[in-house]
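So this one's coords.cif, mmCIF, C-alpha atoms:
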data_model
#
loop_
_atom_site.group_PDB
_atom_site.id
_atom_site.type_symbol
_atom_site.label_atom_id
_atom_site.label_comp_id
_atom_site.auth_asym_id
_atom_site.auth_seq_id
_atom_site.Cartn_x
_atom_site.Cartn_y
_atom_site.Cartn_z
ATOM 1 C CA MET A 34 -10.050 -7.484 -1.732
ATOM 2 C CA ASN A 35 -11.398 -6.583 1.661
ATOM 3 C CA SER A 36 -13.131 -3.407 2.660
ATOM 4 C CA THR A 37 -11.183 -2.673 5.851
ATOM 5 C CA ALA A 38 -7.934 -2.437 3.889
ATOM 6 C CA PHE A 39 -9.735 -0.384 1.258
ATOM 7 C CA ALA A 40 -11.092 2.100 3.809
ATOM 8 C CA LEU A 41 -7.726 2.469 5.557
ATOM 9 C CA ILE A 42 -5.845 3.077 2.298
ATOM 10 C CA ALA A 43 -8.519 5.494 1.080
ATOM 11 C CA ILE A 44 -8.323 7.570 4.279
ATOM 12 C CA LEU A 45 -4.500 7.609 4.200
ATOM 13 C CA THR A 46 -4.350 8.559 0.512
ATOM 14 C CA LEU A 47 -6.948 11.302 0.625
ATOM 15 C CA ALA A 48 -5.651 12.813 3.876
ATOM 16 C CA ALA A 49 -2.100 12.908 2.511
ATOM 17 C CA ALA A 50 -3.295 14.382 -0.791
ATOM 18 C CA LEU A 51 -5.289 17.069 1.001
ATOM 19 C CA ALA A 52 -2.244 17.880 3.125
ATOM 20 C CA ALA A 53 -0.113 18.128 -0.028
ATOM 21 C CA ALA A 54 -2.590 20.565 -1.559
ATOM 22 C CA THR A 55 -3.035 22.794 1.485
ATOM 23 C CA LEU A 56 0.155 22.806 3.610
ATOM 24 C CA GLN A 57 2.069 26.099 3.692
ATOM 25 C CA LYS A 58 5.612 24.714 3.584
ATOM 26 C CA LEU A 59 6.689 23.315 0.225
ATOM 27 C CA MET A 60 8.864 20.580 1.731
ATOM 28 C CA HIS A 61 6.047 19.244 3.934
ATOM 29 C CA ALA A 62 3.691 19.302 0.970
ATOM 30 C CA THR A 63 6.163 17.293 -1.131
ATOM 31 C CA LEU A 64 6.549 14.636 1.564
ATOM 32 C CA SER A 65 2.743 14.387 1.901
ATOM 33 C CA PHE A 66 2.590 13.982 -1.869
ATOM 34 C CA ALA A 67 4.976 11.016 -1.583
ATOM 35 C CA VAL A 68 2.747 9.464 1.100
ATOM 36 C CA ALA A 69 -0.331 9.938 -1.114
ATOM 37 C CA LEU A 70 1.472 8.122 -3.942
ATOM 38 C CA VAL A 71 2.305 5.232 -1.600
ATOM 39 C CA GLY A 72 -1.456 5.053 -0.981
ATOM 40 C CA VAL A 73 -2.201 4.934 -4.721
ATOM 41 C CA ALA A 74 0.408 2.167 -5.102
ATOM 42 C CA ALA A 75 -1.357 0.272 -2.299
ATOM 43 C CA PHE A 76 -4.602 0.556 -4.275
ATOM 44 C CA PHE A 77 -2.819 -1.012 -7.251
ATOM 45 C CA PHE A 78 -1.688 -3.892 -5.019
ATOM 46 C CA LEU A 79 -5.276 -4.288 -3.812
ATOM 47 C CA LEU A 80 -6.508 -4.388 -7.415
ATOM 48 C CA GLY A 81 -4.080 -7.165 -8.331
ATOM 49 C CA ALA A 82 -1.737 -5.051 -10.464
ATOM 50 C CA GLU A 83 1.372 -5.511 -8.311
ATOM 51 C CA PHE A 84 3.779 -4.655 -11.128
ATOM 52 C CA VAL A 85 2.177 -1.263 -11.736
ATOM 53 C CA GLY A 86 2.237 -0.533 -7.993
ATOM 54 C CA LEU A 87 5.964 -1.265 -7.846
ATOM 55 C CA VAL A 88 6.636 0.830 -10.955
ATOM 56 C CA LEU A 89 4.676 3.682 -9.368
ATOM 57 C CA ILE A 90 6.760 3.499 -6.178
ATOM 58 C CA PHE A 91 10.070 3.313 -8.083
ATOM 59 C CA VAL A 92 9.273 6.100 -10.525
ATOM 60 C CA TYR A 93 7.352 8.526 -8.320
ATOM 61 C CA ILE A 94 8.948 8.165 -4.897
ATOM 62 C CA GLY A 95 12.371 7.145 -6.159
ATOM 63 C CA ALA A 96 12.626 9.733 -8.923
ATOM 64 C CA VAL A 97 9.900 12.378 -9.119
ATOM 65 C CA ALA A 98 9.633 13.175 -5.383
ATOM 66 C CA VAL A 99 13.429 13.366 -5.054
ATOM 67 C CA LEU A 100 13.562 15.604 -8.142
ATOM 68 C CA ILE A 101 10.943 17.921 -6.629
ATOM 69 C CA VAL A 102 12.922 18.105 -3.369
ATOM 70 C CA PHE A 103 16.072 19.016 -5.318
ATOM 71 C CA THR A 104 14.184 21.723 -7.220
ATOM 72 C CA ILE A 105 12.877 23.192 -3.956
ATOM 73 C CA LEU A 106 16.414 23.288 -2.578
ATOM 74 C CA LEU A 107 17.724 24.914 -5.783
ATOM 75 C CA THR A 108 15.054 27.646 -5.853
ATOM 76 C CA ARG A 109 15.225 28.439 -2.193
ATOM 77 C CA ARG A 110 15.743 32.192 -2.087
ATOM 78 C CA GLU A 111 12.180 33.089 -1.052
ATOM 79 C CA VAL A 112 12.057 30.179 1.397
ATOM 80 C CA GLY A 113 9.148 28.080 0.267
ATOM 81 C CA LYS A 114 6.193 29.788 1.942
ATOM 82 C CA ASP A 115 3.089 30.203 -0.121
ATOM 83 C CA ARG A 116 0.637 32.584 1.485
ATOM 84 C CA GLY A 117 -2.797 33.439 0.234
ATOM 85 C CA VAL A 118 -5.231 31.045 -1.360
ATOM 86 C CA ASN A 119 -7.103 31.720 -4.570
ATOM 87 C CA TRP A 120 -10.691 31.081 -3.480
ATOM 88 C CA GLY A 121 -12.079 31.106 -7.022
ATOM 89 C CA GLY A 122 -9.929 28.061 -7.794
ATOM 90 C CA ALA A 123 -11.122 26.292 -4.643
ATOM 91 C CA VAL A 124 -14.772 26.893 -5.560
ATOM 92 C CA LEU A 125 -14.157 25.579 -9.082
ATOM 93 C CA ALA A 126 -12.439 22.450 -7.728
ATOM 94 C CA ILE A 127 -15.368 21.773 -5.372
ATOM 95 C CA ALA A 128 -17.811 22.261 -8.253
ATOM 96 C CA VAL A 129 -15.885 19.731 -10.397
ATOM 97 C CA PHE A 130 -15.861 17.326 -7.439
ATOM 98 C CA GLY A 131 -19.631 17.679 -7.053
ATOM 99 C CA GLY A 132 -20.289 17.139 -10.742
ATOM 100 C CA LEU A 133 -18.084 14.048 -11.015
ATOM 101 C CA MET A 134 -19.510 12.582 -7.775
ATOM 102 C CA TRP A 135 -23.045 13.083 -9.079
ATOM 103 C CA ALA A 136 -22.128 11.258 -12.310
ATOM 104 C CA VAL A 137 -20.467 8.328 -10.459
ATOM 105 C CA LEU A 138 -23.291 7.904 -7.932
ATOM 106 C CA LYS A 139 -25.933 8.226 -10.639
ATOM 107 C CA SER A 140 -24.624 5.399 -12.844
ATOM 108 C CA GLN A 141 -25.859 2.101 -11.421
ATOM 109 C CA SER A 142 -23.803 -0.038 -13.791
ATOM 110 C CA VAL A 143 -20.545 0.703 -11.944
ATOM 111 C CA SER A 144 -21.663 -0.891 -8.656
ATOM 112 C CA ILE A 145 -20.306 -4.325 -9.585
ATOM 113 C CA VAL A 146 -17.962 -6.637 -7.709
ATOM 114 C CA ALA A 147 -14.684 -7.832 -9.186
ATOM 115 C CA PRO A 148 -14.742 -11.033 -11.230
ATOM 116 C CA HIS A 149 -12.207 -13.739 -10.549
ATOM 117 C CA ILE A 150 -9.131 -13.189 -12.725
ATOM 118 C CA ARG A 151 -6.020 -14.978 -13.829
ATOM 119 C CA ALA A 152 -3.014 -13.597 -11.940
ATOM 120 C CA LEU A 153 -1.196 -10.869 -13.854
ATOM 121 C CA THR A 154 2.388 -12.088 -13.779
ATOM 122 C CA VAL A 155 5.395 -10.098 -14.941
ATOM 123 C CA LYS A 156 5.893 -12.730 -17.642
ATOM 124 C CA ARG A 157 2.452 -11.976 -19.081
ATOM 125 C CA ILE A 158 3.115 -8.214 -18.961
ATOM 126 C CA GLY A 159 6.459 -8.688 -20.688
ATOM 127 C CA GLU A 160 4.934 -10.850 -23.412
ATOM 128 C CA THR A 161 2.194 -8.294 -24.013
ATOM 129 C CA LEU A 162 4.700 -5.441 -24.134
ATOM 130 C CA MET A 163 6.871 -7.292 -26.635
ATOM 131 C CA THR A 164 4.040 -8.425 -28.913
ATOM 132 C CA GLY A 165 1.116 -6.011 -29.086
ATOM 133 C CA TYR A 166 2.770 -2.926 -27.672
ATOM 134 C CA VAL A 167 6.164 -2.803 -29.376
ATOM 135 C CA TRP A 168 5.561 0.493 -31.184
ATOM 136 C CA PRO A 169 4.207 2.348 -28.128
ATOM 137 C CA LEU A 170 7.179 0.996 -26.142
ATOM 138 C CA GLN A 171 9.678 2.335 -28.694
ATOM 139 C CA CYS A 172 7.861 5.685 -28.828
ATOM 140 C CA VAL A 173 7.971 5.990 -25.018
ATOM 141 C CA GLY A 174 11.696 5.219 -25.103
ATOM 142 C CA LEU A 175 12.223 7.955 -27.679
ATOM 143 C CA LEU A 176 10.058 10.352 -25.662
ATOM 144 C CA LEU A 177 12.002 9.694 -22.457
ATOM 145 C CA THR A 178 15.335 10.226 -24.234
ATOM 146 C CA SER A 179 14.227 13.496 -25.796
ATOM 147 C CA ALA A 180 12.687 14.687 -22.507
ATOM 148 C CA LEU A 181 15.971 13.970 -20.726
ATOM 149 C CA ILE A 182 17.986 15.874 -23.353
ATOM 150 C CA GLY A 183 15.429 18.707 -23.324
ATOM 151 C CA ALA A 184 15.584 19.025 -19.545
ATOM 152 C CA LEU A 185 19.388 19.141 -19.679
ATOM 153 C CA VAL A 186 19.355 21.821 -22.391
ATOM 154 C CA LEU A 187 16.850 23.903 -20.419
ATOM 155 C CA VAL A 188 18.911 24.016 -17.233
ATOM 156 C CA MET A 189 22.341 24.311 -18.854
ATOM 157 C CA GLU A 190 24.248 27.471 -17.883
ATOM 158 C CA GLU A 191 24.682 29.891 -20.742
ATOM 159 C CA LYS A 192 28.264 30.635 -21.699
ATOM 160 C CA ARG A 193 29.202 34.251 -21.180
ATOM 161 C CA MET B 152 -18.420 -7.390 1.545
ATOM 162 C CA THR B 153 -15.770 -6.323 -0.957
ATOM 163 C CA PRO B 154 -15.388 -2.838 -2.411
ATOM 164 C CA THR B 155 -17.160 -2.258 -5.706
ATOM 165 C CA LEU B 156 -15.958 -0.373 -8.745
ATOM 166 C CA GLN B 157 -17.972 2.602 -7.519
ATOM 167 C CA ALA B 158 -15.820 2.910 -4.361
ATOM 168 C CA PHE B 159 -12.633 3.081 -6.437
ATOM 169 C CA LEU B 160 -14.178 5.665 -8.749
ATOM 170 C CA ILE B 161 -15.184 7.810 -5.762
ATOM 171 C CA VAL B 162 -11.619 7.742 -4.371
ATOM 172 C CA SER B 163 -10.305 8.595 -7.826
ATOM 173 C CA VAL B 164 -12.733 11.520 -8.168
ATOM 174 C CA ALA B 165 -11.650 12.840 -4.758
ATOM 175 C CA LEU B 166 -7.952 12.550 -5.658
ATOM 176 C CA PHE B 167 -8.535 14.309 -8.996
ATOM 177 C CA SER B 168 -10.426 17.158 -7.321
ATOM 178 C CA ILE B 169 -7.690 17.620 -4.704
ATOM 179 C CA GLY B 170 -5.129 17.806 -7.528
ATOM 180 C CA LEU B 171 -7.288 20.384 -9.311
ATOM 181 C CA LEU B 172 -7.553 22.337 -6.049
ATOM 182 C CA ALA B 173 -3.759 22.396 -5.772
ATOM 183 C CA VAL B 174 -3.368 23.514 -9.413
ATOM 184 C CA LEU B 175 -5.958 26.286 -9.241
ATOM 185 C CA SER B 176 -5.513 27.704 -5.770
ATOM 186 C CA ARG B 177 -1.751 27.787 -5.156
ATOM 187 C CA ARG B 178 0.670 30.383 -6.537
ATOM 188 C CA HIS B 179 3.900 28.419 -6.311
ATOM 189 C CA ALA B 180 4.871 26.669 -9.565
ATOM 190 C CA ILE B 181 6.022 23.504 -7.781
ATOM 191 C CA PHE B 182 2.602 23.129 -6.129
ATOM 192 C CA ILE B 183 1.007 23.304 -9.568
ATOM 193 C CA LEU B 184 3.286 20.489 -10.763
ATOM 194 C CA ILE B 185 2.386 18.386 -7.699
ATOM 195 C CA GLY B 186 -1.307 18.936 -8.453
ATOM 196 C CA ILE B 187 -0.870 17.799 -12.060
ATOM 197 C CA GLU B 188 0.938 14.657 -10.892
ATOM 198 C CA MET B 189 -1.922 13.904 -8.494
ATOM 199 C CA MET B 190 -4.490 14.251 -11.257
ATOM 200 C CA LEU B 191 -2.437 11.858 -13.433
ATOM 201 C CA ALA B 192 -2.277 9.350 -10.553
ATOM 202 C CA ALA B 193 -6.076 9.528 -10.207
ATOM 203 C CA ALA B 194 -6.464 8.781 -13.921
ATOM 204 C CA ASN B 195 -4.094 5.792 -13.584
ATOM 205 C CA LEU B 196 -6.167 4.502 -10.669
ATOM 206 C CA ASN B 197 -9.245 4.651 -12.913
ATOM 207 C CA PHE B 198 -7.527 2.727 -15.722
ATOM 208 C CA VAL B 199 -6.412 -0.077 -13.394
ATOM 209 C CA ALA B 200 -9.791 -0.223 -11.604
ATOM 210 C CA PHE B 201 -11.708 -0.519 -14.886
ATOM 211 C CA TRP B 202 -9.289 -3.243 -16.019
ATOM 212 C CA ARG B 203 -9.828 -5.211 -12.797
ATOM 213 C CA PHE B 204 -13.626 -5.005 -12.888
ATOM 214 C CA SER B 205 -14.167 -5.659 -16.596
ATOM 215 C CA PRO B 206 -14.623 -9.105 -18.112
ATOM 216 C CA GLN B 207 -11.097 -10.368 -18.692
ATOM 217 C CA SER B 208 -9.598 -10.522 -22.142
ATOM 218 C CA GLN B 209 -6.222 -11.863 -23.215
ATOM 219 C CA SER B 210 -4.248 -8.629 -23.181
ATOM 220 C CA PRO B 211 -4.270 -6.514 -19.978
ATOM 221 C CA THR B 212 -4.942 -3.220 -21.761
ATOM 222 C CA GLY B 213 -5.702 -1.067 -18.699
ATOM 223 C CA VAL B 214 -2.461 -2.071 -16.990
ATOM 224 C CA MET B 215 -0.456 -1.341 -20.141
ATOM 225 C CA ILE B 216 -1.994 2.133 -20.438
ATOM 226 C CA ALA B 217 -1.201 2.794 -16.757
ATOM 227 C CA ILE B 218 2.460 1.796 -17.271
ATOM 228 C CA PHE B 219 2.846 4.039 -20.335
ATOM 229 C CA SER B 220 1.083 6.876 -18.550
ATOM 230 C CA ILE B 221 3.487 6.608 -15.573
ATOM 231 C CA ALA B 222 6.458 6.796 -17.976
ATOM 232 C CA ILE B 223 5.022 9.875 -19.702
ATOM 233 C CA ALA B 224 4.259 11.511 -16.321
ATOM 234 C CA ALA B 225 7.909 11.013 -15.317
ATOM 235 C CA ALA B 226 9.095 12.722 -18.521
ATOM 236 C CA GLU B 227 6.628 15.555 -17.916
ATOM 237 C CA ALA B 228 7.863 16.041 -14.343
ATOM 238 C CA ALA B 229 11.493 16.197 -15.475
ATOM 239 C CA VAL B 230 10.786 18.824 -18.151
ATOM 240 C CA GLY B 231 8.475 20.786 -15.828
ATOM 241 C CA LEU B 232 11.044 20.993 -13.051
ATOM 242 C CA ALA B 233 13.739 22.011 -15.549
ATOM 243 C CA LEU B 234 11.417 24.794 -16.732
ATOM 244 C CA ILE B 235 10.861 25.938 -13.148
ATOM 245 C CA ILE B 236 14.624 26.135 -12.584
ATOM 246 C CA ALA B 237 15.118 28.044 -15.863
ATOM 247 C CA VAL B 238 12.344 30.505 -14.949
ATOM 248 C CA TYR B 239 13.830 30.953 -11.485
ATOM 249 C CA ARG B 240 17.226 31.850 -13.003
ATOM 250 C CA HIS B 241 15.624 34.580 -15.113
ATOM 251 C CA TYR B 242 13.101 36.114 -12.726
ATOM 252 C CA HIS B 243 14.347 35.005 -9.289
ATOM 253 C CA THR B 244 10.853 33.913 -8.328
ATOM 254 C CA THR B 245 8.667 30.841 -8.797
ATOM 255 C CA ASN B 246 5.430 32.601 -7.911
ATOM 256 C CA VAL B 247 3.265 32.338 -11.031
ATOM 257 C CA ASP B 248 1.501 35.624 -10.228
ATOM 258 C CA HIS B 249 4.748 37.516 -10.811
ATOM 259 C CA LEU B 250 5.448 35.914 -14.191
ATOM 260 C CA ASP B 251 3.294 38.327 -16.153
ATOM 261 C CA GLN B 252 5.730 39.764 -18.687
ATOM 262 C CA LEU B 253 3.677 38.548 -21.658
ATOM 263 C CA LYS B 254 0.481 40.084 -20.276
ATOM 264 C CA GLY B 255 -1.169 42.451 -22.730
#
Show me the file's structure as structure tokens.
Amino acid sequence: MNSTAFALIAILTLAAALAAATLQKLMHATLSFAVALVGVAAFFFLLGAEFVGLVLIFVYIGAVAVLIVFTILLTRREVGKDRGVNWGGAVLAIAVFGGLMWAVLKSQSVSIVAPHIRALTVKRIGETLMTGYVWPLQCVGLLLTSALIGALVLVMEEKR
Amino acid sequence: MTPTLQAFLIVSVALFSIGLLAVLSRRHAIFILIGIEMMLAAANLNFVAFWRFSPQSQSPTGVMIAIFSIAIAAAEAAVGLALIIAVYRHYHTTNVDHLDQLKG
């Protein structure tokens, strides 16, 4: 891990996230959101969890971002401008940021450097999934199936 | 000098707060969904960072939790967007300030 890469990715991620939260046009905000998620995936690569980074890119940019774009295009009548900011919410978010920052900076035990680790191969992840995590895996499969059916039922046209 | 756990936690805190800002300050339902997804991504970043910086055990628990959490976030996004489309069909708006029919 080197700190130049870390600083670059951090700036990219946070700038894109801030743009996603504040831009007026919905479409621009969604694309910034995709860029922010690429940044988070880059953090996962930096941390040595390459598989999770790839899953994040496939699932979020390949599926969720495209789904959001489709939803924007389907609900387009009041073309996606969002005027007026709720300042109470902004103040609350800044207060939460301050509180969490205070807690992180206050705890000395988290200022440690990474130990040397055995590489996390896909084989190891697969073995772990198929031994210790079989039940959670099945439950997630069931959840995804029911969510898919639920989403279909929700958007189905009613028969007249 | 390599980044410490603290640096990752600070980035994660910033990402979470930006997501909270999007959820609380925007009126458009899709922005709220984007904010929730950002907060979930920040939590995933924390899980993986704590896994990387902890003494290693046999099973990579933090990574497993991050994978399951990504799957659940995808399901949540699908249902949330379907809800937004259903609400739009009924009320012809996605501005959450106008969806006040249940208000007492």
Report as a list in words the residues that result from applying the PyMOL selection byres ((chain A) within 6 of (chain B)) to the structure here.
->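 Output from the PyMOL selection byres ((chain A) within 6 of (chain B)), applied to this file: Met34, Asn35, Ser36, Ala54, Val118, Asn119, Gly122, Ala123, Ala126, Phe130, Val143, Ser144, Ile145, Val146, Ala147, Leu177, Ala180, Ala184 and Val188 of chain A.
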So how many Å separate atom CA of Ala82 of chain A and atom CA of Ile94 of chain A, to one decimal?
-> 17.9 Å
Separation of atom CA of Leu89 of chain A and atom CA of Gly174 of chain A, in Å?
->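 Going from atom CA of Leu89 of chain A over to atom CA of Gly174 of chain A covers 17.3 Å.
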Pick from A:Glu190, A:Arg109, A:Pro148, A:Lys139: nearest to Lys58 of chain A, with all atoms listed in the file counted?
->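 Among the listed residues, the smallest separation from Lys58 of chain A belongs to A:Arg109.
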Got a sec: who's within 9 Å of Tyr93 of chain A, counting all atoms listed in the file, leaving out chain neighbours fewer than 3 positions off, as a VMD selection string?
-> (chain A and resid 67 70 88 to 90 96 to 99) or (chain B and resid 221 225)
Resulting file, chosen residues, C-alpha atoms, as a PDB file, in the coordinates of the input:
ATOM      1  CA  ALA A  67       4.976  11.016  -1.583  1.00  0.00           C
ATOM      2  CA  LEU A  70       1.472   8.122  -3.942  1.00  0.00           C
ATOM      3  CA  VAL A  88       6.636   0.830 -10.955  1.00  0.00           C
ATOM      4  CA  LEU A  89       4.676   3.682  -9.368  1.00  0.00           C
ATOM      5  CA  ILE A  90       6.760   3.499  -6.178  1.00  0.00           C
ATOM      6  CA  ALA A  96      12.626   9.733  -8.923  1.00  0.00           C
ATOM      7  CA  VAL A  97       9.900  12.378  -9.119  1.00  0.00           C
ATOM      8  CA  ALA A  98       9.633  13.175  -5.383  1.00  0.00           C
ATOM      9  CA  VAL A  99      13.429  13.366  -5.054  1.00  0.00           C
TER      10      VAL A  99
ATOM     11  CA  ILE B 221       3.487   6.608 -15.573  1.00  0.00           C
ATOM     12  CA  ALA B 225       7.909  11.013 -15.317  1.00  0.00           C
TER      13      ALA B 225
END
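The two atoms in question, atom CA of Ile42 of chain A and atom CA of Lys156 of chain A, are spaced 28.0 Å apart.
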How big is the axis-aligned box around the listed atoms of segment 76-92 of chain A once 3 Å is added on each side, and where is its centre? Give both in Å to one decimal, as JSON.
{"center_x": 1.8, "center_y": -0.5, "center_z": -7.8, "size_x": 22.6, "size_y": 19.3, "size_z": 13.9}
So which one's closest to Phe78 of chain A, A:Trp135, A:Phe103, A:Phe39, A:Trp120? Using all atoms listed in the file, please.
->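 Result for the nearest residue to Phe78 of chain A: A:Phe39.
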Counting all atoms listed in the file, the residue of A:Ser65, A:Gln171, A:Thr37, A:Gln141 that sits nearest Ala50 of chain A = A:Ser65
Explicit residue set for the PyMOL selection byres ((chain A and resi 155) around 12), as a ChimeraX atom specification = /A:81-85,87-88,152-154,156-162 /B:211,214-215
